[in-house]
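Participant: What follows is coords-v8.pdb, made up of PDB, C-alpha atoms and all ligand atoms:
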```
ATOM      1  CA  MET N   1     109.131 -16.987 -52.217
ATOM      2  CA  LYS N   2     111.089 -19.681 -54.080
ATOM      3  CA  PRO N   3     108.876 -21.817 -56.342
ATOM      4  CA  PHE N   4     110.070 -25.104 -54.886
ATOM      5  CA  GLN N   5     110.810 -25.965 -51.331
ATOM      6  CA  LYS N   6     113.967 -27.827 -50.349
ATOM      7  CA  ILE N   7     114.476 -29.265 -46.902
ATOM      8  CA  PHE N   8     117.890 -30.599 -45.870
ATOM      9  CA  ILE N   9     118.378 -32.890 -42.883
ATOM     10  CA  ILE N  10     121.851 -32.493 -41.419
ATOM     11  CA  GLY N  11     123.669 -34.041 -38.469
ATOM     12  CA  PHE N  12     126.297 -36.528 -37.377
ATOM     13  CA  MET N  13     126.539 -40.137 -38.624
ATOM     14  CA  GLY N  14     123.920 -42.221 -36.870
ATOM     15  CA  SER N  15     121.643 -39.329 -35.915
ATOM     16  CA  GLY N  16     118.758 -40.726 -37.979
ATOM     17  CA  LYS N  17     118.831 -38.343 -40.951
ATOM     18  CA  SER N  18     117.552 -40.851 -43.509
ATOM     19  CA  THR N  19     114.759 -42.187 -41.288
ATOM     20  CA  VAL N  20     113.530 -38.694 -40.407
ATOM     21  CA  GLY N  21     113.956 -37.480 -43.998
ATOM     22  CA  LYS N  22     111.881 -40.344 -45.400
ATOM     23  CA  LYS N  23     109.092 -39.800 -42.862
ATOM     24  CA  LEU N  24     109.040 -36.039 -43.409
ATOM     25  CA  ALA N  25     108.989 -36.436 -47.203
ATOM     26  CA  ARG N  26     106.083 -38.881 -46.960
ATOM     27  CA  PHE N  27     104.223 -36.540 -44.621
ATOM     28  CA  LEU N  28     104.699 -33.480 -46.857
ATOM     29  CA  ASN N  29     104.294 -35.442 -50.076
ATOM     30  CA  PHE N  30     107.747 -34.317 -51.211
ATOM     31  CA  ARG N  31     110.321 -36.428 -53.038
ATOM     32  CA  PHE N  32     112.932 -37.980 -50.715
ATOM     33  CA  ILE N  33     116.594 -37.936 -51.735
ATOM     34  CA  ASP N  34     119.404 -39.633 -49.821
ATOM     35  CA  LEU N  35     122.586 -37.804 -50.825
ATOM     36  CA  ASP N  36     124.839 -40.795 -50.035
ATOM     37  CA  ARG N  37     122.743 -43.024 -52.325
ATOM     38  CA  GLU N  38     122.902 -40.392 -55.100
ATOM     39  CA  ILE N  39     126.701 -40.310 -54.799
ATOM     40  CA  GLU N  40     126.821 -44.119 -55.018
ATOM     41  CA  LEU N  41     124.593 -44.087 -58.106
ATOM     42  CA  GLU N  42     126.792 -41.435 -59.705
ATOM     43  CA  ALA N  43     130.013 -43.301 -58.866
ATOM     44  CA  GLY N  44     128.616 -46.742 -59.652
ATOM     45  CA  CYS N  45     130.054 -48.090 -56.406
ATOM     46  CA  SER N  46     129.639 -47.913 -52.639
ATOM     47  CA  ILE N  47     130.882 -45.091 -50.400
ATOM     48  CA  PRO N  48     133.422 -47.353 -48.609
ATOM     49  CA  LYS N  49     134.783 -48.280 -52.055
ATOM     50  CA  ILE N  50     135.070 -44.594 -53.083
ATOM     51  CA  PHE N  51     136.951 -43.827 -49.823
ATOM     52  CA  GLY N  52     139.127 -46.939 -50.213
ATOM     53  CA  GLU N  53     140.033 -46.504 -53.882
ATOM     54  CA  SER N  54     140.007 -42.728 -54.409
ATOM     55  CA  GLY N  55     140.323 -41.252 -50.892
ATOM     56  CA  GLU N  56     138.294 -38.829 -48.794
ATOM     57  CA  GLU N  57     139.246 -35.720 -50.780
ATOM     58  CA  TYR N  58     137.805 -37.231 -53.957
ATOM     59  CA  PHE N  59     134.672 -38.262 -52.047
ATOM     60  CA  ARG N  60     134.184 -34.691 -50.752
ATOM     61  CA  LYS N  61     134.362 -33.314 -54.310
ATOM     62  CA  MET N  62     131.791 -35.845 -55.497
ATOM     63  CA  GLU N  63     129.669 -35.005 -52.481
ATOM     64  CA  GLN N  64     129.637 -31.299 -53.354
ATOM     65  CA  GLU N  65     128.936 -31.967 -57.043
ATOM     66  CA  THR N  66     126.022 -34.215 -56.110
ATOM     67  CA  LEU N  67     124.718 -31.641 -53.620
ATOM     68  CA  CYS N  68     124.759 -28.983 -56.393
ATOM     69  CA  LYS N  69     122.871 -31.307 -58.745
ATOM     70  CA  VAL N  70     120.227 -31.946 -56.109
ATOM     71  CA  ILE N  71     119.942 -28.208 -55.373
ATOM     72  CA  SER N  72     119.291 -27.518 -59.067
ATOM     73  CA  LEU N  73     116.256 -29.843 -59.153
ATOM     74  CA  GLN N  74     112.989 -28.039 -59.801
ATOM     75  CA  GLU N  75     111.006 -30.084 -57.287
ATOM     76  CA  ASN N  76     109.855 -30.118 -53.695
ATOM     77  CA  ILE N  77     112.415 -32.334 -51.981
ATOM     78  CA  VAL N  78     113.590 -33.549 -48.590
ATOM     79  CA  VAL N  79     117.306 -34.391 -48.713
ATOM     80  CA  SER N  80     119.116 -36.421 -46.087
ATOM     81  CA  THR N  81     122.763 -35.345 -46.315
ATOM     82  CA  GLY N  82     125.889 -37.234 -45.230
ATOM     83  CA  GLY N  83     127.315 -36.447 -41.788
ATOM     84  CA  GLY N  84     130.155 -34.432 -43.335
ATOM     85  CA  THR N  85     128.223 -32.687 -46.109
ATOM     86  CA  PRO N  86     127.618 -29.293 -44.409
ATOM     87  CA  CYS N  87     131.182 -29.185 -43.061
ATOM     88  CA  TYR N  88     133.171 -29.003 -46.324
ATOM     89  CA  PHE N  89     133.681 -26.175 -48.820
ATOM     90  CA  ASP N  90     130.804 -23.698 -48.590
ATOM     91  CA  ASN N  91     128.184 -26.448 -48.506
ATOM     92  CA  ILE N  92     126.314 -25.113 -45.473
ATOM     93  CA  LYS N  93     125.872 -21.784 -47.302
ATOM     94  CA  LEU N  94     124.697 -23.558 -50.461
ATOM     95  CA  ILE N  95     122.210 -25.515 -48.352
ATOM     96  CA  ASN N  96     120.903 -22.518 -46.423
ATOM     97  CA  ASN N  97     120.648 -20.372 -49.558
ATOM     98  CA  SER N  98     118.546 -22.936 -51.361
ATOM     99  CA  GLY N  99     116.221 -24.123 -48.606
ATOM    100  CA  ILE N 100     115.693 -24.934 -44.960
ATOM    101  CA  SER N 101     118.168 -27.002 -42.951
ATOM    102  CA  ILE N 102     117.254 -29.101 -39.935
ATOM    103  CA  TYR N 103     119.957 -30.277 -37.536
ATOM    104  CA  LEU N 104     119.229 -33.481 -35.641
ATOM    105  CA  LYS N 105     121.293 -32.845 -32.533
ATOM    106  CA  MET N 106     122.497 -35.777 -30.416
ATOM    107  CA  GLU N 107     124.988 -36.401 -27.620
ATOM    108  CA  VAL N 108     128.218 -38.366 -28.198
ATOM    109  CA  SER N 109     127.046 -41.353 -26.112
ATOM    110  CA  ALA N 110     123.819 -41.752 -28.107
ATOM    111  CA  LEU N 111     125.676 -41.357 -31.408
ATOM    112  CA  CYS N 112     128.275 -43.997 -30.428
ATOM    113  CA  HIS N 113     125.577 -46.420 -29.347
ATOM    114  CA  ARG N 114     123.674 -45.977 -32.602
ATOM    115  CA  VAL N 115     126.751 -46.173 -34.826
ATOM    116  CA  GLN N 116     127.904 -49.358 -33.069
ATOM    117  CA  ASN N 117     124.517 -50.974 -33.531
ATOM    118  CA  SER N 118     124.138 -49.965 -37.158
ATOM    119  CA  THR N 119     124.724 -52.109 -40.246
ATOM    120  CA  VAL N 120     125.898 -49.090 -42.291
ATOM    121  CA  ASN N 121     129.588 -49.266 -43.219
ATOM    122  CA  ARG N 122     131.151 -45.907 -42.259
ATOM    123  CA  PRO N 123     134.745 -45.498 -43.503
ATOM    124  CA  LEU N 124     135.622 -42.717 -41.021
ATOM    125  CA  LEU N 125     134.836 -44.968 -38.029
ATOM    126  CA  LYS N 126     135.926 -48.359 -39.291
ATOM    127  CA  ASP N 127     138.643 -50.502 -37.667
ATOM    128  CA  LEU N 128     138.375 -48.579 -34.370
ATOM    129  CA  ASP N 129     137.677 -50.246 -31.051
ATOM    130  CA  GLU N 130     134.911 -48.834 -28.840
ATOM    131  CA  GLU N 131     137.175 -46.379 -26.989
ATOM    132  CA  ALA N 132     138.899 -45.088 -30.125
ATOM    133  CA  GLN N 133     135.552 -44.749 -31.863
ATOM    134  CA  LYS N 134     134.220 -42.626 -28.986
ATOM    135  CA  THR N 135     137.294 -40.363 -29.157
ATOM    136  CA  LYS N 136     136.866 -39.989 -32.929
ATOM    137  CA  VAL N 137     133.146 -39.168 -32.596
ATOM    138  CA  GLU N 138     133.955 -36.553 -29.909
ATOM    139  CA  GLU N 139     136.676 -34.974 -32.084
ATOM    140  CA  LEU N 140     134.557 -34.878 -35.228
ATOM    141  CA  LEU N 141     131.475 -33.586 -33.421
ATOM    142  CA  THR N 142     133.505 -30.757 -31.852
ATOM    143  CA  GLU N 143     134.908 -29.785 -35.263
ATOM    144  CA  ARG N 144     131.577 -30.063 -37.024
ATOM    145  CA  SER N 145     129.180 -28.479 -34.533
ATOM    146  CA  VAL N 146     130.058 -24.994 -35.795
ATOM    147  CA  PHE N 147     128.627 -26.006 -39.199
ATOM    148  CA  TYR N 148     125.665 -28.019 -37.901
ATOM    149  CA  GLU N 149     124.636 -25.142 -35.657
ATOM    150  CA  GLN N 150     124.159 -22.883 -38.677
ATOM    151  CA  ALA N 151     120.994 -24.867 -39.435
ATOM    152  CA  GLY N 152     117.741 -22.931 -39.618
ATOM    153  CA  ILE N 153     116.094 -25.418 -37.270
ATOM    154  CA  MET N 154     117.731 -27.437 -34.504
ATOM    155  CA  VAL N 155     115.913 -30.356 -32.861
ATOM    156  CA  ASN N 156     116.684 -33.062 -30.338
ATOM    157  CA  GLY N 157     117.428 -36.091 -32.523
ATOM    158  CA  LEU N 158     116.144 -38.474 -29.845
ATOM    159  CA  ASP N 159     112.694 -36.895 -29.679
ATOM    160  CA  ILE N 160     111.381 -36.151 -33.121
ATOM    161  CA  LYS N 161     107.755 -35.748 -34.008
ATOM    162  CA  ILE N 162     107.156 -35.202 -37.693
ATOM    163  CA  ILE N 163     104.127 -32.952 -37.120
ATOM    164  CA  GLU N 164     106.179 -30.695 -34.825
ATOM    165  CA  LEU N 165     108.931 -30.599 -37.420
ATOM    166  CA  ARG N 166     106.415 -29.569 -40.083
ATOM    167  CA  ASN N 167     105.123 -26.799 -37.789
ATOM    168  CA  LYS N 168     108.644 -25.527 -37.204
ATOM    169  CA  ILE N 169     109.376 -25.493 -40.950
ATOM    170  CA  TYR N 170     106.258 -23.522 -41.778
ATOM    171  CA  GLY N 171     106.671 -21.270 -38.737
ATOM    172  CA  LEU N 172     110.133 -20.363 -40.029
ATOM    173  CA  ARG N 173     108.769 -19.609 -43.478
ATOM    174  CA  ARG N 174     106.034 -17.406 -42.008
ATOM    175  CA  ASP N 175     108.657 -15.381 -40.134
ATOM    176  CA  GLU N 176     110.701 -15.051 -43.315
ATOM    177  CA  ASN N 177     107.671 -13.760 -45.233
ATOM    178  CA  ASN N 178     106.899 -11.229 -42.523
ATOM    179  CA  GLU N 179     110.322  -9.655 -42.693
TER
HETATM  180  C1  LIG H 201     130.296 -39.303 -43.531
HETATM  181  C2  LIG H 201     129.029 -39.745 -43.283
HETATM  182  C3  LIG H 201     128.370 -40.767 -44.089
HETATM  183  C4  LIG H 201     128.935 -40.772 -45.525
HETATM  184  C5  LIG H 201     130.421 -40.901 -45.483
HETATM  185  C6  LIG H 201     131.083 -39.765 -44.707
HETATM  186  C7  LIG H 201     130.889 -38.260 -42.632
HETATM  187  O1  LIG H 201     126.972 -40.538 -44.138
HETATM  188  O2  LIG H 201     128.566 -39.602 -46.203
HETATM  189  O3  LIG H 201     130.744 -42.125 -44.895
HETATM  190  O4  LIG H 201     131.888 -37.631 -43.017
HETATM  191  O5  LIG H 201     130.331 -38.051 -41.527
HETATM  192  P1  LIG H 201     125.985 -40.813 -42.872
HETATM  193  O6  LIG H 201     126.003 -39.592 -42.014
HETATM  194  O7  LIG H 201     124.655 -41.006 -43.527
HETATM  195  O8  LIG H 201     126.496 -42.030 -42.186
END
```
Represent the structure of the file as structure tokens.
Facilitator:
Amino acid sequence: MKPFQKIFIIGFMGSGKSTVGKKLARFLNFRFIDLDREIELEAGCSIPKIFGESGEEYFRKMEQETLCKVISLQENIVVSTGGGTPCYFDNIKLINNSGISIYLKMEVSALCHRVQNSTVNRPLLKDLDEEAQKTKVEELLTERSVFYEQAGIMVNGLDIKIIELRNKIYGLRRDENNE
């Protein structure tokens, strides 16, 4: 068994990764890390500014570097990742090799509703009207599902109970130990 446990929350923008991650960390008494916030701290500026000034490719490199730093921490942690994190480079492998991943699955309509009603500035969806935003969410979700679905645990993002999540995490570990 690895000495420290690392739990990664993955899923599309607006699926509630940070909210669930914070609650789960509090429940397990683990440290909570928001990968987007870590990237902003590292860069000294906001994610929209990184996208605007240096481009998405640069952001993805920073994202992977920050993910690696977080993975190297010798602590029990719950990490909420960015919506694209598992979908670039070999990040999903890095995540699954260093801990347990949980995919918060949600339908396009729920994601669009939540993204439209959110105050978070998301560069990939900005300046799009409702229809164009829906098309973009559909396209991205189709591309990304193959990565999200490699998660060790998949749950309905609209119906999350932290105790059930904890039971799933420990159930998975028990199975692993029995192998
Ligand atoms: C992104 C999602 C964002 C942030 C960046 C890119 C993506 O995080 O990392 O804007 O590619 O889906 P959230 O999923 O927390 O919005």
Participant: Rounded to one decimal in Å, what is the spacing between CA of Phe27 in chain N and CA of Gly82 in chain N?
Facilitator: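 For CA of Phe27 in chain N relative to CA of Gly82 in chain N, the distance reads 21.7 Å.
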Participant: Pull the neighbourhood of (109.1, -26.8, -37.3) for me: all residues within 12 Å in file coordinates, counting only C-alpha atoms, as a list of chain:residue names.
Facilitator: N:Ile7, N:Leu24, N:Ile100, N:Ser101, N:Ile102, N:Tyr103, N:Gly152, N:Ile153, N:Met154, N:Val155, N:Ile160, N:Lys161, N:Ile162, N:Ile163, N:Glu164, N:Leu165, N:Arg166, N:Asn167, N:Lys168, N:Ile169, N:Tyr170, N:Gly171, N:Leu172, N:Arg173, N:Arg174, N:Asp175
Participant: For ligand LIG 201 (chain H), list the contacting residues at 9 Å or closer, counting only C-alpha atoms and all ligand atoms, as a ChimeraX atom specification.
Facilitator: /N:10-18,34-36,39,47-48,51,56,59-60,63,80-85,87,115,120-125,140
Participant: Extract, using all atoms listed in the file, all DNA, RNA and protein residues at most 9 Å from Glu38 in chain N, discarding same-chain residues fewer than 5 positions from it, and format them as a PyMOL selection string.
Facilitator: chain N and resi 33+43+66+70
Participant: Do you have the CA of Lys61 in chain N-CA of Asn91 in chain N distance handy?
Facilitator: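 These two atoms are separated by 10.9 Å.
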Participant: Calculate how many Å separate CA of Ile92 in chain N from CA of Asp127 in chain N, rounding to one decimal.
Facilitator: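 Spanning CA of Ile92 in chain N to CA of Asp127 in chain N is a straight-line distance of 29.3 Å.
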Participant: Translate the PyMOL selection byres (((chain N and resi 78) around 7) and not hetatm) into a concrete residue list for this structure, as an MDAnalysis selection string.
Facilitator: chainID N and resid 6:8 21 25 30:33 77 79:80
Participant: Restricting the calculation to all atoms listed in the file: of N:Tyr58, N:Val137, N:Ile9, N:Phe4, which residue gets closest to Ser72 in chain N?
Facilitator: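 Answer, going by the shortest atom-to-atom distance: N:Phe4.
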Participant: Restricting the calculation to only C-alpha atoms: of N:Val108, N:Asp159, N:His113, N:Leu73, which residue gets closest to Glu139 in chain N?
Facilitator: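 Residue with the minimum atom-to-atom distance to Glu139 in chain N: N:Val108.
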Participant: Would you give the centre and edge lengths, in Å to one decimal, of a box along x, y and z around the listed atoms of range 61-67 of chain N, with 4 Å added to each side, as lines of an AutoDock Vina configuration file?
Facilitator:
```
center_x = 129.5
center_y = -33.6
center_z = -54.8
size_x = 17.6
size_y = 12.5
size_z = 12.6
```
Participant: Select all residues near (129.8, -50.2, -32.6) (cut-off 9 Å, inclusive, file coordinates), counting all atoms listed in the file, and output them as JSON, numbers by chain.
Facilitator: {"N": [112, 113, 114, 115, 116, 117, 118, 128, 129, 130, 133]}
Participant: Would you kindly return, as a ChimeraX atom specification, each protein, DNA or RNA residue with an atom no farther than 9 Å from any atom of Phe147 in chain N, considering all atoms listed in the file and excluding same-chain residues fewer than 3 positions away?
Facilitator: /N:86-88,92,143-144,150-151
Participant: Saving range 6-40 of chain N with N, CA and C atoms, as a CSV table (one decimal), in the first residue's frame, what would that file be?
Facilitator:
```csv
chain,number,residue,atom,x,y,z
N,6,LYS,N,-4.0,9.6,-2.3
N,6,LYS,CA,-4.3,10.8,-3.1
N,6,LYS,C,-5.5,10.5,-3.9
N,7,ILE,N,-6.5,11.5,-3.7
N,7,ILE,CA,-7.8,11.3,-4.4
N,7,ILE,C,-7.9,12.5,-5.4
N,8,PHE,N,-8.2,12.2,-6.6
N,8,PHE,CA,-8.3,13.2,-7.7
N,8,PHE,C,-9.8,13.3,-8.1
N,9,ILE,N,-10.4,14.5,-8.1
N,9,ILE,CA,-11.7,14.6,-8.6
N,9,ILE,C,-11.6,15.1,-10.1
N,10,ILE,N,-12.2,14.4,-11.0
N,10,ILE,CA,-12.1,14.8,-12.4
N,10,ILE,C,-13.5,15.0,-13.0
N,11,GLY,N,-13.5,15.7,-14.1
N,11,GLY,CA,-14.8,15.9,-14.7
N,11,GLY,C,-14.9,17.3,-15.5
N,12,PHE,N,-15.9,17.5,-16.2
N,12,PHE,CA,-16.0,18.6,-17.1
N,12,PHE,C,-16.2,19.9,-16.2
N,13,MET,N,-15.9,21.1,-16.9
N,13,MET,CA,-16.1,22.4,-16.2
N,13,MET,C,-17.5,22.5,-15.7
N,14,GLY,N,-17.7,22.9,-14.5
N,14,GLY,CA,-19.0,23.1,-14.0
N,14,GLY,C,-19.6,21.9,-13.3
N,15,SER,N,-18.9,20.8,-13.3
N,15,SER,CA,-19.5,19.5,-12.7
N,15,SER,C,-19.4,19.5,-11.2
N,16,GLY,N,-18.8,20.5,-10.6
N,16,GLY,CA,-18.8,20.6,-9.1
N,16,GLY,C,-17.6,20.0,-8.4
N,17,LYS,N,-16.4,19.9,-9.2
N,17,LYS,CA,-15.2,19.2,-8.7
N,17,LYS,C,-14.7,19.9,-7.4
N,18,SER,N,-14.7,21.2,-7.4
N,18,SER,CA,-14.1,21.9,-6.2
N,18,SER,C,-15.0,21.7,-5.0
N,19,THR,N,-16.3,21.9,-5.2
N,19,THR,CA,-17.2,21.7,-4.1
N,19,THR,C,-17.1,20.3,-3.5
N,20,VAL,N,-17.2,19.3,-4.3
N,20,VAL,CA,-17.1,17.9,-3.8
N,20,VAL,C,-15.8,17.7,-3.2
N,21,GLY,N,-14.7,18.2,-3.8
N,21,GLY,CA,-13.3,17.9,-3.3
N,21,GLY,C,-13.2,18.5,-1.9
N,22,LYS,N,-13.7,19.7,-1.7
N,22,LYS,CA,-13.6,20.4,-0.4
N,22,LYS,C,-14.3,19.6,0.6
N,23,LYS,N,-15.5,19.2,0.3
N,23,LYS,CA,-16.4,18.4,1.3
N,23,LYS,C,-15.7,17.1,1.6
N,24,LEU,N,-15.2,16.4,0.6
N,24,LEU,CA,-14.6,15.1,0.8
N,24,LEU,C,-13.3,15.2,1.7
N,25,ALA,N,-12.5,16.3,1.4
N,25,ALA,CA,-11.3,16.5,2.1
N,25,ALA,C,-11.6,16.7,3.6
N,26,ARG,N,-12.7,17.5,3.8
N,26,ARG,CA,-13.0,17.9,5.2
N,26,ARG,C,-13.5,16.6,5.9
N,27,PHE,N,-14.3,15.8,5.2
N,27,PHE,CA,-14.8,14.5,5.8
N,27,PHE,C,-13.7,13.6,6.1
N,28,LEU,N,-12.7,13.5,5.2
N,28,LEU,CA,-11.6,12.5,5.5
N,28,LEU,C,-10.5,13.0,6.3
N,29,ASN,N,-10.6,14.4,6.6
N,29,ASN,CA,-9.5,15.1,7.2
N,29,ASN,C,-8.2,15.0,6.4
N,30,PHE,N,-8.3,15.2,5.1
N,30,PHE,CA,-7.2,15.3,4.2
N,30,PHE,C,-7.0,16.8,3.8
N,31,ARG,N,-5.9,17.1,3.3
N,31,ARG,CA,-5.7,18.5,2.7
N,31,ARG,C,-6.4,18.6,1.4
N,32,PHE,N,-7.0,19.7,1.2
N,32,PHE,CA,-7.7,20.0,-0.1
N,32,PHE,C,-6.8,20.8,-1.0
N,33,ILE,N,-6.6,20.4,-2.3
N,33,ILE,CA,-5.9,21.2,-3.2
N,33,ILE,C,-6.7,21.4,-4.5
N,34,ASP,N,-6.8,22.7,-4.9
N,34,ASP,CA,-7.5,23.0,-6.1
N,34,ASP,C,-6.4,23.3,-7.2
N,35,LEU,N,-6.3,22.4,-8.2
N,35,LEU,CA,-5.2,22.5,-9.1
N,35,LEU,C,-5.2,23.8,-9.8
N,36,ASP,N,-6.3,24.4,-10.2
N,36,ASP,CA,-6.4,25.7,-10.9
N,36,ASP,C,-5.8,26.8,-10.0
N,37,ARG,N,-6.1,26.7,-8.7
N,37,ARG,CA,-5.6,27.8,-7.8
N,37,ARG,C,-4.1,27.6,-7.7
N,38,GLU,N,-3.6,26.4,-7.7
N,38,GLU,CA,-2.1,26.2,-7.6
N,38,GLU,C,-1.4,26.7,-8.8
N,39,ILE,N,-2.0,26.5,-10.0
N,39,ILE,CA,-1.4,27.0,-11.2
N,39,ILE,C,-1.4,28.6,-11.1
N,40,GLU,N,-2.5,29.2,-10.7
N,40,GLU,CA,-2.5,30.6,-10.6
N,40,GLU,C,-1.5,31.2,-9.6
```
